[in-house]
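Here the structure comes first, spelled out in structure tokens, and everything after it is commentary.
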Amino acid sequence: MFHTSTYAQLLNKLVVRWSDLKPGKIGLSYCLESDHFCMLLDDDDLDVMFDLVLSTGSKRVRVSVFDAGGSSSGCAKQEICIDNVGIRGGQNLAILRRDWKMDVDKEEIDLVPKFCVNKETVLLSAGWRELIREVNQKFVGGVVEFREALAKFTIHHGFEYDFVKNDQERVTAVCKRKTSGCPWTVHGRVDKLSRFFYIRHFNSVHDCDASVLNVQHSRASSSFIGKLVLDEIRSRPSKRPVDVLGDMKRLYGMSVSYKRAWTGVEKSKADVFGDYSTSFDELRWWVEAARSSNPDSVFDIEFDHETKRFVRMFVAFRASIYGFNYCRPLLFLDGTFLKARHKGCLLAASAKDGNKGKLVQYLCSVYCDFVDMNFSPSKVLS
């Protein structure tokens with residue numbers, strides 16, 4: 001780091017040194033060796049100049065003093081050379097000497113914030129940075145929690161890994177570039193008594209060239225994506241895979257394929273609302289439960305006897321059947337397509353009652369493409 005005087009102090013020293021210079025009527029500019037001159041206007045410019053010296057490793061800076069006030073006295077242009085010892089120019093400018101203390105090994109200087117006005121974006125994956133920290137770190141959820149933490153940790157840091165050992169008791173992972181000499185590795189095992197997972201060996205050093213974040217990661221699977229969007233799917237079931245693509249990029253800094261996003265959304269919906277295909281298989285249980293709780297209702301399931309696959313289902317509750325006796329002798333039929341994984345059609349019949357249609361009775365029937373859904377032969381109704 002440098003301990004320097006301010007821009008005002010620098011101007012004051014120049015005015016004191018040369019009596020023909022007038023405050024407010026002089027300007028300063030500088031250049032690093034063979035580069036073009038840059039204006040030196042305030043303390044920030046002065047700090048940037050010395051930061052550039054550090055970053056470029058320059059040994060000399062040329063500072064020019066010129067008449068900026070248009071005075072008729074015509075002050076002579078002076079040049080000051082600043083090197084790693086101090087500031088000198090003309091005959092004797094030791095009064096402008098600065099004490100420089102360089103310690104590049106202990107602290108690196110980042111010049112980007114001085115030139116880039118964009119605000120830093122904090123991703124939701126920022127908390128994944130320290131998921132794998134040290135030896136003897138405990139994971140209460142066992143080996144499953146450790147694998148999930150390991151995937152998030154490597155996705156955030158942008159490198160791939162391979163499993164050397166991966167079972168229910170022990171997990172050993174190494175950097176995918178271990179063949180190139182990268183020493184990064186982590187090993188842990190499950191405690192036999194508590195069943196907690198503990199890290200027993202961890203080498204956090206990466207000496208491969210994985211310094212640039214890889215936004216496409218093999219560990220960002222569809223199941224991984226489904227867990228990330230689980231809460232949002234619960235509150236917003238209509239969320240589209242294309243929206244998930246944008247969220248993964250914007251919130252987590254990951255780039256995933258459309259297929260993974262679509263599969264992740266489907267898995268998340270299955271966890272929240274139940275599996276779509278399994279729900280068709282549970283229609284037999286639902287019909288038996290509805291018949292026992294709604295006597296005189298009509299439930300009819302039709303399936304193909306050869307392929308044992310679902311074809312259609314008809315539902316008419318006893319209350320709706322009874323209500324049609326007091327409705328106008330006019331039925332309204334309507335239908336809509338089913339746009340989920342298994343295509344089909346939902347048909348409904350409704351009628352208006354004598355009280356200006358305030359009571360509407362319904363009959364509904366579901367027709368599906370029987371080649372899409374399979375009733376297990378062991379569960380087919382006789």
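In the structure tokens, chains take letters A, B, ... by order of appearance, with residues numbered from 1 within each chain and ligands from 1 in the order shown.
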Spatial neighbours of stretch 268-284 of chain A, 6 Å, only C-alpha atoms, chain gap at least 2 places, as a PDB file with C-alpha atoms, in the first residue's frame:
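Written out: selection25.pdb:
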ATOM      1  CA  GLY A 226     -36.209 -29.482  -9.355  1.00  0.00           C
ATOM      2  CA  LEU A 230     -39.645 -26.628  -5.530  1.00  0.00           C
ATOM      3  CA  VAL A 265     -40.067 -28.753 -13.433  1.00  0.00           C
ATOM      4  CA  GLU A 266     -41.860 -32.081 -13.964  1.00  0.00           C
ATOM      5  CA  TRP A 286     -60.541 -43.059  -5.766  1.00  0.00           C
ATOM      6  CA  VAL A 287     -63.613 -44.641  -7.393  1.00  0.00           C
TER       7      VAL A 287
END
Exercise: stretch 5-11 of chain A partners within 6 Å, only C-alpha atoms, chain neighbours under 3 positions left out, as a CSV table (one decimal) with C-alpha atoms, in the first residue's frame:
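The result, written out as part17.csv:
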chain,number,residue,atom,x,y,z
A,14,LEU,CA,4.5,23.1,-6.8
A,42,ASP,CA,-8.2,15.4,-8.0
A,43,ASP,CA,-7.4,12.9,-5.3
Apply DSSP to the structure's backbone, then extract all residues of stretch 215-350 of chain A labelled strand (DSSP E or B) and return them as a tab-separated table (two decimals) with C-alpha atoms, in the first residue's frame.
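What ended up in part_28.tsv:
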chain	number	residue	atom	x	y	z
A	298	VAL	CA	-72.24	-43.23	-10.93
A	299	PHE	CA	-68.55	-43.94	-11.56
A	300	ASP	CA	-67.50	-45.93	-14.57
A	301	ILE	CA	-63.92	-46.72	-15.66
A	302	GLU	CA	-63.27	-48.23	-19.07
A	303	PHE	CA	-59.99	-49.86	-20.06
A	304	ASP	CA	-58.77	-52.02	-22.87
A	309	ARG	CA	-54.63	-49.63	-20.43
A	310	PHE	CA	-56.92	-46.81	-19.35
A	311	VAL	CA	-59.38	-45.50	-21.96
A	312	ARG	CA	-62.01	-43.26	-20.31
A	313	MET	CA	-63.87	-42.50	-17.09
A	314	PHE	CA	-67.37	-41.16	-16.38
A	315	VAL	CA	-68.39	-39.38	-13.15
A	316	ALA	CA	-71.89	-38.32	-12.04
A	327	CYS	CA	-83.41	-27.96	-14.20
A	332	PHE	CA	-74.94	-27.52	-22.33
A	333	LEU	CA	-71.99	-29.62	-23.49
A	334	ASP	CA	-68.42	-28.43	-23.46
A	335	GLY	CA	-64.97	-29.95	-23.66
A	336	THR	CA	-61.33	-29.01	-23.32
A	337	PHE	CA	-58.04	-30.62	-24.24
A	338	LEU	CA	-55.72	-32.00	-21.59
A	344	GLY	CA	-56.81	-36.44	-23.64
A	345	CYS	CA	-60.10	-34.58	-23.43
A	346	LEU	CA	-62.32	-33.48	-20.54
A	347	LEU	CA	-66.05	-33.31	-21.38
A	348	ALA	CA	-68.75	-31.76	-19.18
A	349	ALA	CA	-72.55	-31.50	-19.33
A	350	SER	CA	-74.30	-28.72	-17.41
Compile the contact shell of A:Phe317 as a PyMOL selection string: residues with an atom at most 9 Å away, counting only C-alpha atoms, same-chain residues fewer than 3 positions apart removed. chain A and resi 294-299+320-322+362-363
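Using only C-alpha atoms for every distance, the candidate list A:Tyr258, A:Leu28, A:Asp167, A:Gln216 yields A:Tyr258 as the residue closest to A:Arg240.
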